[in-house]
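Colleague: Coordinates in start16.pdb, PDB, C-alpha atoms, are listed below.
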ATOM      1  CA  MET A   1      14.873 -26.073 -54.539  1.00  0.00           C
ATOM      2  CA  SER A   2      12.278 -23.276 -54.210  1.00  0.00           C
ATOM      3  CA  LYS A   3      10.599 -25.170 -51.345  1.00  0.00           C
ATOM      4  CA  HIS A   4      13.826 -25.018 -49.331  1.00  0.00           C
ATOM      5  CA  ILE A   5      14.190 -21.279 -49.971  1.00  0.00           C
ATOM      6  CA  PHE A   6      10.588 -20.677 -48.902  1.00  0.00           C
ATOM      7  CA  VAL A   7      11.056 -22.661 -45.673  1.00  0.00           C
ATOM      8  CA  ALA A   8      14.330 -20.862 -44.925  1.00  0.00           C
ATOM      9  CA  ALA A   9      12.706 -17.445 -45.511  1.00  0.00           C
ATOM     10  CA  LEU A  10       9.766 -18.388 -43.308  1.00  0.00           C
ATOM     11  CA  LEU A  11      12.065 -19.530 -40.486  1.00  0.00           C
ATOM     12  CA  LEU A  12      14.134 -16.370 -40.789  1.00  0.00           C
ATOM     13  CA  ALA A  13      11.016 -14.187 -40.609  1.00  0.00           C
ATOM     14  CA  LEU A  14       9.673 -16.042 -37.565  1.00  0.00           C
ATOM     15  CA  THR A  15      13.036 -15.921 -35.780  1.00  0.00           C
ATOM     16  CA  GLY A  16      13.228 -12.149 -36.211  1.00  0.00           C
ATOM     17  CA  SER A  17       9.740 -11.580 -34.845  1.00  0.00           C
ATOM     18  CA  VAL A  18      10.445 -13.766 -31.815  1.00  0.00           C
ATOM     19  CA  ALA A  19      13.702 -11.906 -31.173  1.00  0.00           C
ATOM     20  CA  VAL A  20      11.931  -8.538 -31.349  1.00  0.00           C
ATOM     21  CA  ALA A  21       9.206  -9.724 -28.988  1.00  0.00           C
ATOM     22  CA  ALA A  22      11.797 -10.912 -26.456  1.00  0.00           C
ATOM     23  CA  THR A  23      13.666  -7.587 -26.186  1.00  0.00           C
ATOM     24  CA  PRO A  24      13.294  -5.794 -22.847  1.00  0.00           C
ATOM     25  CA  VAL A  25      10.946  -2.842 -22.774  1.00  0.00           C
ATOM     26  CA  LYS A  26      12.780  -0.823 -20.110  1.00  0.00           C
ATOM     27  CA  PRO A  27      15.848   1.093 -21.380  1.00  0.00           C
ATOM     28  CA  GLU A  28      19.226   0.759 -19.698  1.00  0.00           C
ATOM     29  CA  GLU A  29      19.882   3.147 -16.816  1.00  0.00           C
ATOM     30  CA  ASN A  30      22.895   4.809 -18.488  1.00  0.00           C
ATOM     31  CA  SER A  31      21.238   5.327 -21.861  1.00  0.00           C
ATOM     32  CA  LEU A  32      19.688   8.616 -22.944  1.00  0.00           C
ATOM     33  CA  SER A  33      16.209   7.063 -22.737  1.00  0.00           C
ATOM     34  CA  GLY A  34      16.898   5.819 -19.217  1.00  0.00           C
ATOM     35  CA  LYS A  35      18.032   9.289 -18.126  1.00  0.00           C
ATOM     36  CA  ALA A  36      14.922  10.849 -19.657  1.00  0.00           C
ATOM     37  CA  MET A  37      12.709   8.351 -17.822  1.00  0.00           C
ATOM     38  CA  ARG A  38      14.435   9.167 -14.529  1.00  0.00           C
ATOM     39  CA  ASP A  39      14.226  12.935 -15.078  1.00  0.00           C
ATOM     40  CA  LEU A  40      10.644  12.935 -16.426  1.00  0.00           C
ATOM     41  CA  PRO A  41       8.899   9.873 -14.977  1.00  0.00           C
ATOM     42  CA  GLY A  42       5.459  10.696 -16.398  1.00  0.00           C
ATOM     43  CA  ASN A  43       2.063  10.304 -14.812  1.00  0.00           C
ATOM     44  CA  ASN A  44       1.265   6.882 -13.404  1.00  0.00           C
ATOM     45  CA  SER A  45      -1.855   7.868 -11.477  1.00  0.00           C
ATOM     46  CA  ALA A  46      -5.450   8.056 -12.655  1.00  0.00           C
ATOM     47  CA  GLY A  47      -5.649  11.798 -11.996  1.00  0.00           C
ATOM     48  CA  LYS A  48      -8.552  14.116 -12.717  1.00  0.00           C
ATOM     49  CA  THR A  49      -9.230  17.532 -14.187  1.00  0.00           C
ATOM     50  CA  ALA A  50      -9.908  20.189 -11.578  1.00  0.00           C
ATOM     51  CA  HIS A  51     -12.362  22.248 -13.679  1.00  0.00           C
ATOM     52  CA  PRO A  52     -13.392  20.210 -16.747  1.00  0.00           C
ATOM     53  CA  THR A  53     -16.079  22.650 -17.951  1.00  0.00           C
ATOM     54  CA  GLN A  54     -14.282  25.911 -17.199  1.00  0.00           C
ATOM     55  CA  LYS A  55     -14.024  28.292 -20.141  1.00  0.00           C
ATOM     56  CA  PRO A  56     -10.687  29.955 -20.922  1.00  0.00           C
ATOM     57  CA  GLU A  57     -10.046  33.620 -20.214  1.00  0.00           C
ATOM     58  CA  GLU A  58     -11.410  35.949 -22.881  1.00  0.00           C
ATOM     59  CA  TYR A  59      -8.043  37.272 -24.080  1.00  0.00           C
ATOM     60  CA  SER A  60      -5.978  34.081 -23.784  1.00  0.00           C
ATOM     61  CA  GLN A  61      -4.869  32.159 -26.850  1.00  0.00           C
ATOM     62  CA  SER A  62      -7.435  29.411 -26.245  1.00  0.00           C
ATOM     63  CA  GLY A  63     -10.134  32.047 -25.654  1.00  0.00           C
ATOM     64  CA  LYS A  64      -9.305  33.593 -29.034  1.00  0.00           C
ATOM     65  CA  ALA A  65      -9.493  30.149 -30.652  1.00  0.00           C
ATOM     66  CA  MET A  66     -12.933  29.591 -29.139  1.00  0.00           C
ATOM     67  CA  ARG A  67     -14.117  32.970 -30.475  1.00  0.00           C
ATOM     68  CA  ASP A  68     -12.718  32.283 -33.950  1.00  0.00           C
ATOM     69  CA  GLN A  69     -14.114  28.729 -34.174  1.00  0.00           C
ATOM     70  CA  PRO A  70     -16.859  28.429 -31.572  1.00  0.00           C
ATOM     71  CA  GLY A  71     -18.000  24.879 -32.303  1.00  0.00           C
ATOM     72  CA  ASN A  72     -20.897  23.393 -30.360  1.00  0.00           C
ATOM     73  CA  VAL A  73     -21.474  24.999 -26.975  1.00  0.00           C
ATOM     74  CA  SER A  74     -25.043  23.837 -26.382  1.00  0.00           C
ATOM     75  CA  GLY A  75     -26.114  20.773 -24.502  1.00  0.00           C
ATOM     76  CA  THR A  76     -28.810  19.794 -26.974  1.00  0.00           C
ATOM     77  CA  GLY A  77     -28.968  16.470 -28.756  1.00  0.00           C
ATOM     78  CA  THR A  78     -29.571  15.590 -32.371  1.00  0.00           C
ATOM     79  CA  GLY A  79     -32.874  16.947 -33.663  1.00  0.00           C
ATOM     80  CA  SER A  80     -33.910  13.822 -35.562  1.00  0.00           C
ATOM     81  CA  PRO A  81     -31.594  10.943 -34.645  1.00  0.00           C
ATOM     82  CA  THR A  82     -33.673   8.318 -36.481  1.00  0.00           C
ATOM     83  CA  ALA A  83     -34.450  10.334 -39.638  1.00  0.00           C
ATOM     84  CA  ARG A  84     -33.937   8.587 -42.964  1.00  0.00           C
ATOM     85  CA  PRO A  85     -32.242  10.247 -45.950  1.00  0.00           C
ATOM     86  CA  GLY A  86     -34.223  11.032 -49.080  1.00  0.00           C
ATOM     87  CA  ASP A  87     -34.497   8.239 -51.650  1.00  0.00           C
ATOM     88  CA  ASN A  88     -32.790  10.307 -54.354  1.00  0.00           C
ATOM     89  CA  SER A  89     -29.880  11.447 -52.163  1.00  0.00           C
ATOM     90  CA  LEU A  90     -26.458   9.821 -52.227  1.00  0.00           C
ATOM     91  CA  SER A  91     -26.796   8.505 -48.683  1.00  0.00           C
ATOM     92  CA  GLY A  92     -30.266   7.142 -49.515  1.00  0.00           C
ATOM     93  CA  LYS A  93     -28.815   5.259 -52.496  1.00  0.00           C
ATOM     94  CA  VAL A  94     -26.045   3.830 -50.321  1.00  0.00           C
ATOM     95  CA  MET A  95     -28.565   2.705 -47.722  1.00  0.00           C
ATOM     96  CA  LYS A  96     -30.556   0.917 -50.435  1.00  0.00           C
ATOM     97  CA  ASP A  97     -27.459  -0.717 -51.938  1.00  0.00           C
ATOM     98  CA  LEU A  98     -25.909  -1.693 -48.574  1.00  0.00           C
ATOM     99  CA  PRO A  99     -28.771  -1.990 -46.106  1.00  0.00           C
ATOM    100  CA  GLY A 100     -26.668  -3.168 -43.120  1.00  0.00           C
ATOM    101  CA  ASN A 101     -28.271  -3.196 -39.684  1.00  0.00           C
ATOM    102  CA  ASN A 102     -31.781  -1.772 -39.604  1.00  0.00           C
TER     103      ASN A 102
END
Could you quickly redo this structure as structure tokens?

Modeller:
Amino acid sequence: MSKHIFVAALLLALTGSVAVAATPVKPEENSLSGKAMRDLPGNNSAGKTAHPTQKPEEYSQSGKAMRDQPGNVSGTGTGSPTARPGDNSLSGKVMKDLPGNN
């Protein structure tokens, strides 16, 4: 009896996933989603940024954010990219316990 219930539940689950996969992706033209896609078609081109390294104006909102939290503005790399942690540190213990790829 339980074997039949299991098979029926499995078939029902598989049927639902096939039905969901077969639904069309594009909304109907008269639906709200279809109207939104017609009104705001989105960007389908590769595009590019005109000035990717330009800094914002000093008194703009993004300029204020950059003053409040400046982050990394230098072009330098990591000082010691291959340095190992100390043996008594937590990361050193983890590296000993789980050596991974050396």

Colleague: What is the atom CA of A:Ala50 to atom CA of A:Gly63 distance in Å?

Modeller: 18.4 Å

Colleague: Write out as a PDB file with C-alpha atoms, in the frame of the given file the residues lying within 10 Å of A:Arg38, counting all atoms listed in the file and excluding same-chain residues fewer than 5 positions away.

Modeller:
ATOM      1  CA  GLU A  29      19.882   3.147 -16.816  1.00  0.00           C
ATOM      2  CA  LEU A  32      19.688   8.616 -22.944  1.00  0.00           C
ATOM      3  CA  SER A  33      16.209   7.063 -22.737  1.00  0.00           C
TER       4      SER A  33
END

Colleague: Atom CA of A:Gly42 to atom CA of A:Ser60: how many Å, to one decimal?

Modeller: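 One can read the atom CA of A:Gly42 to atom CA of A:Ser60 distance as 27.1 Å.
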
Colleague: Can you measure atom CA of A:Gly71 to atom CA of A:Lys48 for me? One decimal in Å is fine.

Modeller: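 Atom-to-atom, atom CA of A:Gly71 to atom CA of A:Lys48, that is 24.3 Å.
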